[in-house]
Every structure is written in structure tokens, then in C-alpha cells.
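S.K.: Input structure: data_1.cif, which contains mmCIF, C-alpha atoms and all ligand atoms.
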```cif
data_input
loop_
_atom_site.label_atom_id
_atom_site.label_comp_id
_atom_site.auth_asym_id
_atom_site.auth_seq_id
_atom_site.Cartn_x
_atom_site.Cartn_y
_atom_site.Cartn_z
CA MET D 255 19.85 1.72 -39.80
CA ASN D 256 22.82 2.07 -37.44
CA ALA D 257 22.60 5.86 -37.64
CA ALA D 258 18.88 5.71 -36.76
CA ARG D 259 19.61 3.42 -33.83
CA ALA D 260 22.34 5.75 -32.60
CA ARG D 261 19.97 8.73 -32.88
CA ILE D 262 17.23 6.92 -30.89
CA GLY D 263 19.87 5.86 -28.31
CA HIS D 264 21.07 9.45 -28.00
CA TRP D 265 17.48 10.74 -27.67
CA LEU D 266 16.69 8.24 -24.92
CA ASP D 267 20.02 8.86 -23.18
CA GLU D 268 19.37 12.60 -22.96
CA ARG D 269 16.01 11.98 -21.31
CA LEU D 270 16.68 8.93 -19.15
CA SER D 271 20.43 9.31 -18.42
CA LEU D 272 20.91 5.74 -19.58
CA SER D 273 24.68 6.06 -19.73
CA ALA D 274 24.75 6.95 -16.02
CA VAL D 275 22.70 3.81 -15.24
CA ARG D 276 25.02 1.78 -17.49
CA GLU D 277 28.04 3.26 -15.69
CA VAL D 278 26.68 2.27 -12.23
CA ALA D 279 25.54 -1.19 -13.41
CA GLY D 280 28.96 -1.76 -15.03
CA HIS D 281 30.66 -1.37 -11.65
CA LYS D 282 28.31 -3.65 -9.72
CA THR D 283 30.03 -6.81 -8.52
CA VAL D 284 29.10 -9.92 -6.53
CA PRO D 285 31.45 -11.48 -3.94
CA VAL D 286 32.73 -14.94 -4.87
CA HIS D 287 33.04 -17.55 -2.11
CA ARG D 288 31.66 -20.98 -1.30
CA TYR D 289 28.26 -19.68 -0.10
CA MET D 290 27.72 -17.72 -3.31
CA PRO D 291 24.90 -19.99 -4.66
CA LEU D 292 22.75 -18.69 -1.80
CA TYR D 293 22.71 -15.28 -3.51
CA TYR D 294 20.33 -16.76 -6.11
CA PHE D 295 17.50 -17.46 -3.66
CA GLY D 296 16.25 -13.86 -3.48
CA GLY D 297 16.24 -13.61 -7.28
CA MET D 298 14.38 -16.92 -7.50
CA THR D 299 11.69 -15.60 -5.14
CA LEU D 300 11.45 -12.51 -7.34
CA PHE D 301 11.03 -14.70 -10.42
CA PHE D 302 8.05 -16.55 -8.90
CA PHE D 303 6.55 -13.24 -7.76
CA LEU D 304 6.69 -11.95 -11.36
CA VAL D 305 5.01 -15.16 -12.57
CA GLN D 306 2.28 -14.57 -9.97
CA VAL D 307 1.64 -11.05 -11.23
CA MET D 308 1.39 -12.16 -14.87
CA THR D 309 -0.77 -15.26 -14.34
CA GLY D 310 -2.88 -13.45 -11.71
CA ILE D 311 -3.78 -10.72 -14.20
CA LEU D 312 -4.84 -13.37 -16.73
CA LEU D 313 -7.01 -15.15 -14.11
CA MET D 314 -8.67 -11.84 -13.19
CA LEU D 315 -10.04 -11.58 -16.73
CA TYR D 316 -12.43 -14.49 -16.04
CA TYR D 317 -12.69 -14.89 -12.27
CA ARG D 318 -15.84 -13.61 -10.49
CA PRO D 319 -15.61 -12.92 -6.74
CA SER D 320 -19.07 -13.93 -5.49
CA ALA D 321 -20.35 -16.97 -3.61
CA GLU D 322 -22.72 -17.73 -6.50
CA GLU D 323 -20.18 -17.48 -9.31
CA ALA D 324 -16.63 -17.95 -7.98
CA PHE D 325 -16.51 -21.75 -8.19
CA GLU D 326 -18.23 -21.81 -11.59
CA SER D 327 -15.90 -19.14 -13.00
CA VAL D 328 -12.84 -21.19 -11.95
CA GLU D 329 -14.46 -24.27 -13.50
CA PHE D 330 -14.98 -22.25 -16.69
CA ILE D 331 -11.31 -21.19 -16.65
CA MET D 332 -10.25 -24.83 -16.30
CA THR D 333 -12.55 -26.39 -18.87
CA THR D 334 -13.35 -23.76 -21.51
CA VAL D 335 -10.82 -20.89 -21.56
CA PRO D 336 -7.89 -21.84 -23.87
CA PHE D 337 -4.94 -22.80 -21.63
CA GLY D 338 -6.96 -21.59 -18.65
CA TRP D 339 -6.21 -24.81 -16.72
CA LEU D 340 -2.48 -24.28 -17.33
CA VAL D 341 -2.53 -20.63 -16.22
CA ARG D 342 -4.42 -21.54 -13.03
CA SER D 343 -2.11 -24.46 -12.35
CA ILE D 344 0.99 -22.29 -12.90
CA HIS D 345 -0.45 -19.62 -10.57
CA SER D 346 -1.03 -22.18 -7.81
CA TRP D 347 2.30 -23.97 -8.16
CA SER D 348 4.23 -20.72 -8.45
CA ALA D 349 2.51 -19.36 -5.31
CA ASN D 350 3.82 -22.33 -3.35
CA LEU D 351 7.29 -22.12 -4.86
CA MET D 352 7.43 -18.39 -4.14
CA VAL D 353 6.66 -18.94 -0.46
CA PHE D 354 9.12 -21.86 -0.34
CA PHE D 355 11.93 -19.72 -1.81
CA ALA D 356 11.02 -16.76 0.43
CA PHE D 357 11.45 -19.10 3.45
CA ALA D 358 14.66 -20.59 2.00
CA HIS D 359 16.01 -17.10 1.22
CA MET D 360 15.23 -15.96 4.76
CA ALA D 361 16.88 -19.03 6.27
CA THR D 362 20.04 -18.54 4.21
CA VAL D 363 20.40 -14.80 4.91
CA TYR D 364 19.73 -15.59 8.59
CA PHE D 365 22.45 -18.24 8.86
CA LEU D 366 24.91 -16.13 6.81
CA LYS D 367 24.13 -13.21 9.19
CA ALA D 368 23.41 -10.91 6.24
CA TYR D 369 21.20 -8.81 8.55
CA ARG D 370 24.28 -7.22 10.16
CA PRO D 371 24.57 -3.42 9.93
CA PRO D 372 24.00 -1.68 7.55
CA ARG D 373 21.42 -4.21 6.23
CA GLU D 374 18.84 -3.99 9.05
CA LEU D 375 16.26 -2.40 6.74
CA THR D 376 16.88 -5.04 4.06
CA TRP D 377 16.03 -7.66 6.70
CA ILE D 378 12.95 -5.82 8.00
CA THR D 379 11.52 -5.25 4.51
CA GLY D 380 12.28 -8.94 3.82
CA CYS D 381 10.26 -10.02 6.88
CA LEU D 382 7.38 -7.83 5.72
CA LEU D 383 7.57 -9.48 2.27
CA LEU D 384 7.35 -12.92 3.88
CA PHE D 385 4.27 -11.88 5.89
CA LEU D 386 2.74 -10.38 2.74
CA ALA D 387 3.45 -13.61 0.81
CA MET D 388 1.66 -15.59 3.55
CA GLY D 389 -1.22 -13.10 3.33
CA PHE D 390 -1.41 -13.74 -0.43
CA GLY D 391 -1.60 -17.47 0.29
CA PHE D 392 -4.28 -17.13 2.96
CA SER D 393 -6.49 -14.81 0.90
CA GLY D 394 -5.97 -16.74 -2.35
CA TYR D 395 -6.89 -20.07 -0.76
CA LEU D 396 -10.55 -19.05 -0.39
CA LEU D 397 -11.00 -17.66 -3.90
CA PRO D 398 -11.99 -20.93 -5.71
CA TRP D 399 -14.80 -21.21 -3.11
CA ASN D 400 -14.44 -24.98 -2.70
CA GLN D 401 -15.15 -27.09 0.39
CA LEU D 402 -11.54 -27.28 1.58
CA ALA D 403 -10.98 -23.52 1.16
CA PHE D 404 -14.26 -22.64 2.85
CA PHE D 405 -13.69 -24.76 5.96
CA ALA D 406 -9.97 -23.96 6.20
CA THR D 407 -10.82 -20.23 6.11
CA LYS D 408 -13.49 -20.78 8.75
CA VAL D 409 -10.95 -22.48 11.03
CA GLY D 410 -8.20 -19.95 10.19
CA THR D 411 -10.39 -16.96 10.99
CA ASP D 412 -11.71 -18.73 14.12
CA ILE D 413 -8.10 -18.95 15.29
CA ALA D 414 -7.66 -15.21 14.67
CA GLY D 415 -10.84 -14.76 16.73
CA SER D 416 -9.23 -16.23 19.83
CA VAL D 417 -6.48 -13.59 19.98
CA PRO D 418 -6.95 -11.89 23.39
CA PHE D 419 -8.58 -8.44 23.43
CA ILE D 420 -8.72 -7.79 19.68
CA GLY D 421 -9.85 -11.29 18.61
CA GLU D 422 -13.53 -10.47 18.12
CA TRP D 423 -12.74 -7.35 16.13
CA LEU D 424 -10.12 -9.23 14.06
CA LEU D 425 -12.58 -12.01 13.22
CA ARG D 426 -15.23 -9.55 12.00
CA PHE D 427 -12.60 -7.55 10.13
CA LEU D 428 -11.35 -10.65 8.29
CA ARG D 429 -14.78 -12.15 7.61
CA GLY D 430 -16.67 -8.92 7.01
CA GLY D 431 -19.32 -10.19 9.45
CA GLU D 432 -19.93 -12.99 11.91
CA ARG D 433 -19.65 -15.85 9.45
CA VAL D 434 -17.65 -16.81 6.33
CA THR D 435 -19.94 -15.72 3.49
CA GLY D 436 -19.83 -14.27 -0.02
CA GLY D 437 -18.94 -11.00 1.73
CA THR D 438 -15.76 -12.64 3.07
CA LEU D 439 -14.95 -13.80 -0.45
CA SER D 440 -15.22 -10.26 -1.92
CA ARG D 441 -13.12 -8.97 0.95
CA PHE D 442 -10.40 -11.59 0.44
CA TYR D 443 -10.45 -10.83 -3.29
CA GLY D 444 -9.88 -7.14 -2.54
CA TRP D 445 -6.91 -8.01 -0.35
CA HIS D 446 -5.56 -10.52 -2.87
CA VAL D 447 -5.68 -8.42 -6.05
CA ALA D 448 -5.40 -4.83 -4.79
CA ILE D 449 -4.20 -4.19 -1.23
CA LEU D 450 -1.53 -6.91 -0.91
CA PRO D 451 -0.07 -6.36 -4.42
CA ALA D 452 0.16 -2.59 -3.82
CA LEU D 453 1.88 -3.09 -0.45
CA THR D 454 4.17 -5.78 -1.88
CA VAL D 455 5.31 -3.60 -4.78
CA LEU D 456 6.16 -0.78 -2.34
CA VAL D 457 8.00 -2.99 0.15
CA LEU D 458 9.74 -4.94 -2.62
CA ALA D 459 10.95 -1.68 -4.21
CA GLY D 460 12.47 -0.75 -0.83
CA HIS D 461 14.02 -4.22 -0.38
CA LEU D 462 15.66 -4.20 -3.81
CA LEU D 463 16.81 -0.60 -3.39
CA PHE D 464 18.56 -1.49 -0.11
CA VAL D 465 20.20 -4.50 -1.79
CA GLN D 466 21.51 -2.16 -4.52
CA LEU D 467 22.72 0.45 -2.02
CA HIS D 468 24.68 -1.97 0.15
CA GLY D 469 25.62 -4.66 -2.38
CA MET D 470 25.71 -8.32 -1.41
CA SER D 471 27.16 -9.07 2.04
CA VAL D 472 30.10 -11.37 2.69
CA PRO D 473 29.43 -13.86 5.55
CA PRO D 474 31.57 -13.10 8.67
CA LYS D 475 33.08 -16.59 8.53
CA VAL D 476 34.36 -16.05 4.98
CA GLU D 477 35.63 -12.58 5.96
CA ARG D 478 37.54 -14.08 8.90
CA GLU D 479 39.04 -16.87 6.82
CA GLY D 480 39.83 -14.44 3.99
CA ARG D 481 38.80 -17.08 1.47
CA GLN D 482 37.22 -14.95 -1.20
CA GLY D 483 37.75 -15.14 -4.92
CA ARG D 484 37.93 -12.22 -7.30
CA PRO D 485 34.48 -10.49 -7.25
CA MET D 486 32.28 -11.36 -10.24
CA LYS D 487 30.86 -8.61 -12.44
CA PHE D 488 27.07 -8.47 -12.03
CA PHE D 489 26.64 -7.62 -15.75
CA PRO D 490 26.89 -9.84 -17.64
CA HIS D 491 28.25 -12.77 -15.57
CA PHE D 492 25.98 -12.94 -12.51
CA ALA D 493 22.92 -11.69 -14.42
CA LEU D 494 23.35 -14.44 -17.03
CA ARG D 495 23.70 -17.08 -14.32
CA GLU D 496 20.57 -15.73 -12.67
CA LEU D 497 18.77 -15.85 -16.02
CA PHE D 498 19.90 -19.45 -16.47
CA GLY D 499 18.40 -20.26 -13.05
CA TRP D 500 15.14 -18.55 -13.99
CA THR D 501 14.98 -20.57 -17.22
CA LEU D 502 15.42 -23.78 -15.26
CA ALA D 503 12.77 -22.63 -12.78
CA LEU D 504 10.36 -21.93 -15.65
CA GLY D 505 10.93 -25.45 -16.97
CA VAL D 506 10.31 -27.04 -13.55
CA LEU D 507 7.23 -24.85 -13.01
CA ALA D 508 5.77 -25.70 -16.43
CA ALA D 509 6.40 -29.43 -15.87
CA LEU D 510 4.77 -29.40 -12.41
CA ALA D 511 1.78 -27.38 -13.65
CA ALA D 512 1.22 -29.60 -16.69
CA LEU D 513 1.87 -32.99 -15.05
CA PHE D 514 0.10 -32.25 -11.77
CA PRO D 515 -2.72 -29.79 -12.60
CA TRP D 516 -4.07 -28.00 -9.53
CA GLU D 517 -7.32 -29.57 -8.34
CA LEU D 518 -10.55 -27.66 -7.85
CA GLY D 519 -12.55 -30.03 -5.61
CA GLU D 520 -16.24 -29.52 -4.80
CA LYS D 521 -18.14 -26.27 -4.49
CA ALA D 522 -18.33 -24.91 -0.92
CA ASP D 523 -21.53 -25.74 0.94
CA PRO D 524 -21.78 -23.67 4.13
CA PHE D 525 -24.56 -25.95 5.41
CA ALA D 526 -22.67 -29.21 4.89
CA PRO D 527 -21.16 -30.88 7.99
CA ALA D 528 -17.59 -29.66 8.62
CA TYR D 529 -15.18 -31.05 6.05
CA LYS D 530 -13.28 -33.95 7.63
CA ASP D 531 -9.78 -33.26 6.31
CA ILE D 532 -9.45 -29.54 7.02
CA ARG D 533 -5.90 -28.36 6.49
CA PRO D 534 -4.34 -24.99 5.81
CA GLU D 535 -1.64 -24.19 3.26
CA TRP D 536 1.56 -26.09 4.13
CA TYR D 537 3.33 -22.98 5.44
CA PHE D 538 0.70 -22.56 8.18
CA MET D 539 0.78 -26.25 9.08
CA PHE D 540 3.39 -26.04 11.88
CA MET D 541 1.22 -23.47 13.69
CA PHE D 542 -1.99 -25.39 12.97
CA GLN D 543 -0.48 -28.64 14.27
CA SER D 544 0.85 -26.90 17.41
CA LEU D 545 -2.61 -25.44 18.16
CA LYS D 546 -4.20 -28.89 17.77
CA LEU D 547 -2.22 -30.03 20.82
CA VAL D 548 -3.69 -27.34 23.06
CA PRO D 549 -6.58 -28.62 25.23
CA GLY D 550 -9.83 -26.68 25.47
CA GLY D 551 -10.44 -24.45 28.49
CA GLU D 552 -9.46 -21.05 29.76
CA ILE D 553 -7.43 -19.37 32.43
CA ALA D 554 -8.26 -15.91 33.82
CA GLY D 555 -10.77 -15.45 30.98
CA ILE D 556 -8.14 -16.20 28.32
CA GLU D 557 -8.57 -19.34 26.22
CA TYR D 558 -5.62 -21.78 26.35
CA GLU D 559 -5.43 -21.55 22.56
CA ALA D 560 -4.70 -17.83 22.81
CA ILE D 561 -1.38 -18.50 24.56
CA PRO D 562 0.43 -20.20 21.64
CA ILE D 563 -1.18 -17.68 19.26
CA LEU D 564 0.36 -14.88 21.30
CA LEU D 565 3.68 -16.73 21.36
CA PHE D 566 3.64 -16.99 17.55
CA GLY D 567 3.01 -13.23 17.43
CA VAL D 568 5.94 -12.59 19.76
CA ALA D 569 8.15 -14.93 17.68
CA GLY D 570 7.20 -12.97 14.53
CA LEU D 571 8.14 -9.72 16.27
CA LEU D 572 11.46 -11.14 17.50
CA LEU D 573 12.19 -12.30 13.95
CA VAL D 574 11.76 -8.75 12.64
CA LEU D 575 14.03 -7.43 15.42
CA VAL D 576 16.85 -9.98 14.90
CA PRO D 577 19.34 -7.39 13.54
CA PHE D 578 18.94 -5.34 16.74
CA LEU D 579 19.00 -8.32 19.12
CA ASP D 580 22.08 -10.06 17.72
CA ARG D 581 24.82 -7.83 19.12
CA GLY D 582 27.40 -10.64 19.20
CA VAL D 583 27.71 -10.70 15.45
CA VAL D 584 28.38 -6.94 15.45
CA ARG D 585 31.05 -7.11 18.17
CA ARG D 586 32.72 -10.44 17.57
CA GLY D 587 31.58 -11.42 14.07
CA ARG D 588 29.87 -14.53 15.44
CA SER D 589 26.69 -15.41 17.32
CA PRO D 590 26.40 -19.16 17.93
CA VAL D 591 23.28 -18.71 20.11
CA PHE D 592 21.39 -17.18 17.17
CA THR D 593 22.59 -19.95 14.89
CA ALA D 594 21.40 -22.58 17.41
CA VAL D 595 18.01 -20.87 17.84
CA GLY D 596 17.66 -20.74 14.03
CA ILE D 597 18.41 -24.46 13.71
CA ALA D 598 15.97 -25.30 16.54
CA ALA D 599 13.23 -23.19 14.90
CA LEU D 600 13.84 -24.86 11.55
CA VAL D 601 13.73 -28.37 13.07
CA TYR D 602 10.51 -27.49 14.95
CA MET D 603 8.82 -26.09 11.82
CA VAL D 604 9.80 -29.01 9.60
CA ALA D 605 8.96 -31.65 12.24
CA PHE D 606 5.53 -30.17 13.00
CA THR D 607 4.76 -29.81 9.28
CA ALA D 608 5.68 -33.47 8.73
CA TRP D 609 3.58 -34.46 11.76
CA GLY D 610 0.62 -32.38 10.52
CA TYR D 611 0.68 -34.18 7.15
CA ASP D 612 1.68 -37.49 8.69
CA SER D 613 4.35 -37.69 5.98
CA LEU D 614 8.13 -37.40 5.74
CA LEU D 615 7.92 -35.40 2.50
CA PRO D 616 8.67 -32.03 4.21
CA VAL D 617 11.84 -33.55 5.69
CA TRP D 618 12.95 -34.88 2.29
CA VAL D 619 12.27 -31.52 0.62
CA VAL D 620 14.44 -29.68 3.16
CA LEU D 621 17.21 -32.30 2.94
CA ALA D 622 17.11 -32.22 -0.89
CA THR D 623 17.39 -28.40 -0.82
CA GLY D 624 20.39 -28.70 1.52
CA VAL D 625 22.10 -31.24 -0.77
CA LEU D 626 21.45 -29.05 -3.83
CA ILE D 627 23.02 -26.05 -2.07
CA LEU D 628 26.02 -28.20 -1.12
CA ILE D 629 26.55 -29.39 -4.70
CA LEU D 630 26.26 -25.83 -6.04
CA SER D 631 28.69 -24.60 -3.37
CA LEU D 632 31.29 -27.21 -4.28
CA GLY D 633 30.90 -26.26 -7.97
CA THR D 634 31.32 -22.58 -7.13
CA ARG D 635 34.43 -23.21 -5.07
CA ARG D 636 36.01 -24.93 -8.04
CA ALA D 637 34.77 -22.44 -10.63
CA GLY D 638 35.60 -19.14 -8.96
CA GLY D 639 36.87 -19.68 -5.45
CA ASP D 640 40.56 -19.19 -6.21
CA LYS D 641 42.27 -15.91 -5.49
CA SER D 642 43.58 -15.37 -9.00
C1 LIG P 1 8.99 -11.75 -1.89
C2 LIG P 1 10.03 -11.99 -1.13
C3 LIG P 1 11.48 -11.56 -1.39
C4 LIG P 1 12.09 -11.17 -2.55
C5 LIG P 1 11.49 -11.08 -3.94
C6 LIG P 1 13.47 -10.87 -2.22
C7 LIG P 1 14.46 -10.48 -3.14
C8 LIG P 1 15.80 -10.31 -2.84
C9 LIG P 1 16.88 -10.18 -3.80
C10 LIG P 1 16.70 -10.24 -5.33
C11 LIG P 1 18.04 -10.06 -3.11
C12 LIG P 1 19.47 -9.98 -3.69
C13 LIG P 1 20.00 -11.39 -3.96
C14 LIG P 1 20.15 -12.26 -2.73
O1 LIG P 1 20.92 -11.95 -1.81
O2 LIG P 1 19.48 -13.33 -2.70
C15 LIG P 1 17.72 -10.05 -1.70
C16 LIG P 1 18.63 -9.87 -0.68
C17 LIG P 1 18.32 -9.89 0.68
N1 LIG P 1 17.11 -10.26 1.23
FE1 LIG P 1 15.41 -10.64 0.19
N2 LIG P 1 13.65 -11.06 -0.87
C18 LIG P 1 12.47 -11.49 -0.34
C19 LIG P 1 12.24 -11.86 0.99
C20 LIG P 1 13.18 -11.73 2.01
C21 LIG P 1 13.01 -12.21 3.36
C22 LIG P 1 11.78 -12.99 3.85
C23 LIG P 1 14.12 -11.83 4.07
C24 LIG P 1 14.44 -12.07 5.53
C25 LIG P 1 13.64 -11.78 6.47
C26 LIG P 1 15.02 -11.14 3.16
C27 LIG P 1 16.23 -10.58 3.51
C28 LIG P 1 17.23 -10.21 2.62
C29 LIG P 1 18.57 -9.76 2.97
C30 LIG P 1 19.12 -9.56 4.39
C31 LIG P 1 19.25 -9.57 1.76
C32 LIG P 1 20.72 -9.12 1.59
C33 LIG P 1 21.57 -10.36 1.38
C34 LIG P 1 23.04 -10.03 1.33
O3 LIG P 1 23.41 -8.86 1.29
O4 LIG P 1 23.84 -11.00 1.35
N3 LIG P 1 14.43 -11.12 1.92
N4 LIG P 1 16.35 -10.23 -1.56
#
```
Kindly return the structure encoded in the file as C-alpha cells.
Ligand code: HEM
M.R.:
Amino acid sequence: MNAARARIGHWLDERLSLSAVREVAGHKTVPVHRYMPLYYFGGMTLFFFLVQVMTGILLMLYYRPSAEEAFESVEFIMTTVPFGWLVRSIHSWSANLMVFFAFAHMATVYFLKAYRPPRELTWITGCLLLFLAMGFGFSGYLLPWNQLAFFATKVGTDIAGSVPFIGEWLLRFLRGGERVTGGTLSRFYGWHVAILPALTVLVLAGHLLFVQLHGMSVPPKVEREGRQGRPMKFFPHFALRELFGWTLALGVLAALAALFPWELGEKADPFAPAYKDIRPEWYFMFMFQSLKLVPGGEIAGIEYEAIPILLFGVAGLLLVLVPFLDRGVVRRGRSPVFTAVGIAALVYMVAFTAWGYDSLLPVWVVLATGVLILILSLGTRRAGGDKS
């Protein structure tokens, strides 16, 4: 038995150079310091992405992307397909958790200044992944073809329509015509199950490759203070910790999906009066709420609404360019202005989300995440923060 295993190992090694991979992996280490728990956020986002791929493939086996059948096929999944309700609920919960962790991961790498050279491309591919994740959310929202999804997509694409110069083209491109119809649904399905996954796999491969090439960064503050512990071996120590986190995440995800199954609502009726409680996914809420404050009217042929839309576009572009704009962190190892802008942006996003929902829940979620990070950091300092 052992001889057979050794022979198979040797055969595979000759073809796949496994020992070379093992050699490289054996040398991979992770810096140990008090911000170390933040290194798990990227991996957590990856975990939820993998759950999305697996549950999405299962949903595709029964889902039908047409105005006549979409709602009924989701109803069939939830009532008749064995465990269909659970798979759909996991897909929906995991989508939200993936976006949440992508945001949290971005915030942490931003405040730890992990975008410093040579990690500019890691940051840029990360931004693209966040935009792709939001695209997944926007396109997936319409797929059950229920009232809320239909009217939210109508409003969302209307907003895209008020972008100056290209708005009209953008609206038709998104909707596949003048109005939100079955044609829009097929189009969104194409984006959701083919175009976005293909792009995400490509960009994600780049992101993870850059992380491997450069290793994990050490925050400038920790570098200055020289308060690092002995680096931890990635295999098996960090990988096992990561796996432990993923197991916990699976437990939380399963509990949420089973205890709070995702609702389906009523079938979309394009001729019904506009749904009264139209709201987008929570991660678009801060923009939606900001646009609600803009009065109707236009200036020099440009609608007032177009101005904040353009500003959001500019903010997105500035976000991508952060590694090239923040020169202070390169020269002096600190950039308090960028930290302050980051805090202000975070406060604005959380406050407007809370306002949009008329609830303090978003504030509690962010505070709870902060407290969890703090507890994990204190634990890490005790467990591995000494210089021995
Ligand atoms: C689907 C979304 C994403 C996935 C699956 C992902 C995955 C990962 C993983 C596994 C790591 C290594 C562990 C870690 O440092 O947490 C990482 C590192 C990194 N990610 Fe992401 N990421 C995503 C989105 C983002 C976003 C939105 C940004 C920022 C715009 C970003 C920027 C970075 C940077 C700068 C690093 C290097 C961190 C360091 O060296 O300390 N990522 N990512």
C-alpha cells in the first residue's frame, strides 16, 4: 500500500513538480503583530465567494431566466426541490456576507496602508473585485423576478440613465431596451452567471498571485515601533487558523440560512403601481439615500441628480488610484490625511445607510465588527506578539 502510494506520489511529482510547490509553500510565512487578525478578512471573502460558486451552480440546475418562468422556478426550488430552500437561502446570505467582508477587507488594508509599493496592483485588482461583487449583487437582485427586485432595478437603471452624455446609452445597454422586461432579466442572468464570474476568476487569480508574490505587508506603524513577533509559518499554522475561521463562518452561514430563510415576495407585475418600499441592496443604500436628497431640476441641460452620480464615479476612480495619490506613506511612512478621509468616508457611508433604513442596525454591525477585531488583536498579542 505504502509502496503504491509512493509510486503514485513519484509519478505525480514528475509531472506536476509537486516537491517544488511544497518547497515554496514550506517557506511561506505570515508576519505576527497586533493587527494580524485583519489578515483573515481576505480569506473570509474568498470563502464566501467559493460558497457562491457552489450554490450558484446548484441553483442554475432549476432556475429559468424568463419573465414567465423565473418567479415560478424559484418557487419550485423553495417548495419542491430537496433542500432547495436551504441552497437558495445560503446563496443569498453568503452573497451579503461576501460583500460585507470585501468592504471590511478593503477598509482594513486601507487603514493599514497595505497598498504601499509594491502592492499597487494588489489594491487595484481588489477594487475591481469589489466592483464586480457589487455587480453580482445588482444583477442577482432581479433574478427572482419579484416586485421589490423589479422596481428596484427600474429605479437603479433609471439612475444610470441620468449619467450625463452616456446615460441614455447606458440605460438601454443595461435594460436591453427602453423598459425593464423579460429581455432585461435574460441580460442580467447572462451577466450574473457568465460574464461576471469569468471576469472575477481572472481578476481574483491576479489578486491572489500578487499576494503570493509580495507576501503579507507589515503596517508602517508596526515597522516603526519594531513590535513584531517571530513570523508564523503559513503551512500548517496560519492555514489551519484560516480553516478554523472558515468552519466557524460555515456554521454562522448555515444558522442564518436555516433560521432566517430568504424571502421570495410576490411575482413582479410591471403594470402594478410603483412598489411603495423600493430599496436597493444595503451596499447601494448610502448612494440611494444621498440621491433622494437631491431636488428635481436641471442646470445647463444637466439634471441635478447627475452631479452626485458623477461625484460617486470620481470617488470610485480616486479609490482605485489611492496607491498613487498617497505619497506621504511612501516618503514618511505615514499619511494622516488619508486616514482621516477614510474615517470620514466610513462614517458617511454607515450614517447614510442607517438613515436610509431608518435603523441603527448598520451602526451596531460596524461597532460589533470593530469590537471583534479588538478582541482578536488582544488575543494575538498575547499568543504570538512576543519577540521570542
Ligand atoms: C472578492 C473580493 C476579494 C478577495 C476574495 C480577496 C482575497 C484576498 C486574500 C486571500 C488576501 C490575503 C490575505 C489578506 O491579507 O487578507 C488579500 C490581500 C489583499 N487584498 Fe484582497 N480580496 C478581495 C477584495 C479586495 C479589495 C476590495 C481590496 C481593496 C481595494 C483588496 C486589497 C488587498 C490588498 C492590498 C491585499 C494585501 C494585504 C497585505 O499585504 O497586507 N482586496 N486579498
S.K.: With only C-alpha atoms as the atoms that count, which of D:Met290, D:Val284, D:Leu572, D:Ile553 lies nearest to D:Arg484?
M.R.: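 Result for the nearest residue to D:Arg484: D:Val284.
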S.K.: For a quick check of understanding, using only C-alpha atoms, which of D:Val286, D:Val278, D:Leu382, D:Met255 has the smallest distance to D:Gly480?
M.R.: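 The closest residue to D:Gly480 is D:Val286.
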S.K.: Quick one: of D:Ala321, D:Ser327, D:Thr309, D:Glu374, who's nearest to ligand LIG 1 (chain P), counting all atoms listed in the file?
M.R.: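 Answer, going by the shortest atom-to-atom distance: D:Glu374.
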S.K.: At a cut-off of 10 Å around the point (32.9, -4.8, 12.2) (file coordinates), what residues fall inside when counting all atoms listed in the file? I'd like the answer as a PyMOL selection string.
M.R.: chain D and resi 370-371+474+583-587
S.K.: Given all atoms listed in the file as the basis, pick out the residue of D:Pro372, D:Pro590, D:Trp339, D:Ala560 nearest to D:Ser471.
M.R.: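 Once distances to D:Ser471 are computed over all atoms listed in the file, the minimum belongs to D:Pro372.
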S.K.: Might you pull out every residue within 9 Å of D:Phe392, with only C-alpha atoms counted and same-chain residues fewer than 5 positions away left off, and present them as an MDAnalysis selection string?
M.R.: chainID D and resid 387 407 410 442 446 534:535
S.K.: If you keep C-alpha atoms, can you produce a file of those selected residues as a CSV table (one decimal), in the frame of the given file?
M.R.:
```csv
chain,number,residue,atom,x,y,z
D,387,ALA,CA,3.4,-13.6,0.8
D,407,THR,CA,-10.8,-20.2,6.1
D,410,GLY,CA,-8.2,-20.0,10.2
D,442,PHE,CA,-10.4,-11.6,0.4
D,446,HIS,CA,-5.6,-10.5,-2.9
D,534,PRO,CA,-4.3,-25.0,5.8
D,535,GLU,CA,-1.6,-24.2,3.3
```
S.K.: Which one is closest to D:Pro285: D:Glu496, D:Met470, D:Leu632, D:Leu571? Count only C-alpha atoms.
M.R.: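 Of all the options, D:Met470 lies closest to D:Pro285.
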S.K.: Could you list, as a PyMOL selection string, every residue within 12 Å of D:Leu600, counting only C-alpha atoms and ignoring same-chain residues fewer than 3 positions away?
M.R.: chain D and resi 357-358+360-362+364-365+540+593-597+603-607+616-617+620-621
S.K.: Determine, counting all atoms listed in the file, which protein, DNA and RNA residues have an atom within 10 Å of an atom of D:Gly263; residues of the same chain fewer than 5 positions away are not included. Present the result as a list in words.
M.R.: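 Using all atoms listed in the file, the neighbours found are Ala257, Ala258, Glu268, Leu272 and Ser273 of chain D.
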S.K.: Atoms to include: C-alpha atoms. Write the selected residues as a PDB file, keeping the file's coordinate frame.
M.R.:
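File again.pdb, as written:
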```pdb
ATOM      1  CA  ALA D 257      22.600   5.860 -37.640  1.00  0.00           C
ATOM      2  CA  ALA D 258      18.880   5.710 -36.760  1.00  0.00           C
ATOM      3  CA  GLU D 268      19.370  12.600 -22.960  1.00  0.00           C
ATOM      4  CA  LEU D 272      20.910   5.740 -19.580  1.00  0.00           C
ATOM      5  CA  SER D 273      24.680   6.060 -19.730  1.00  0.00           C
TER       6      SER D 273
END
```
S.K.: Quick one: residues within 10 Å of stretch 395-404 of chain D, only C-alpha atoms counted, chain neighbours fewer than 5 positions away excluded, as a ChimeraX atom specification?
M.R.: /D:317-329,346,389-390,409-410,434-436,438-440,442-443,446,518-524,526,528-535
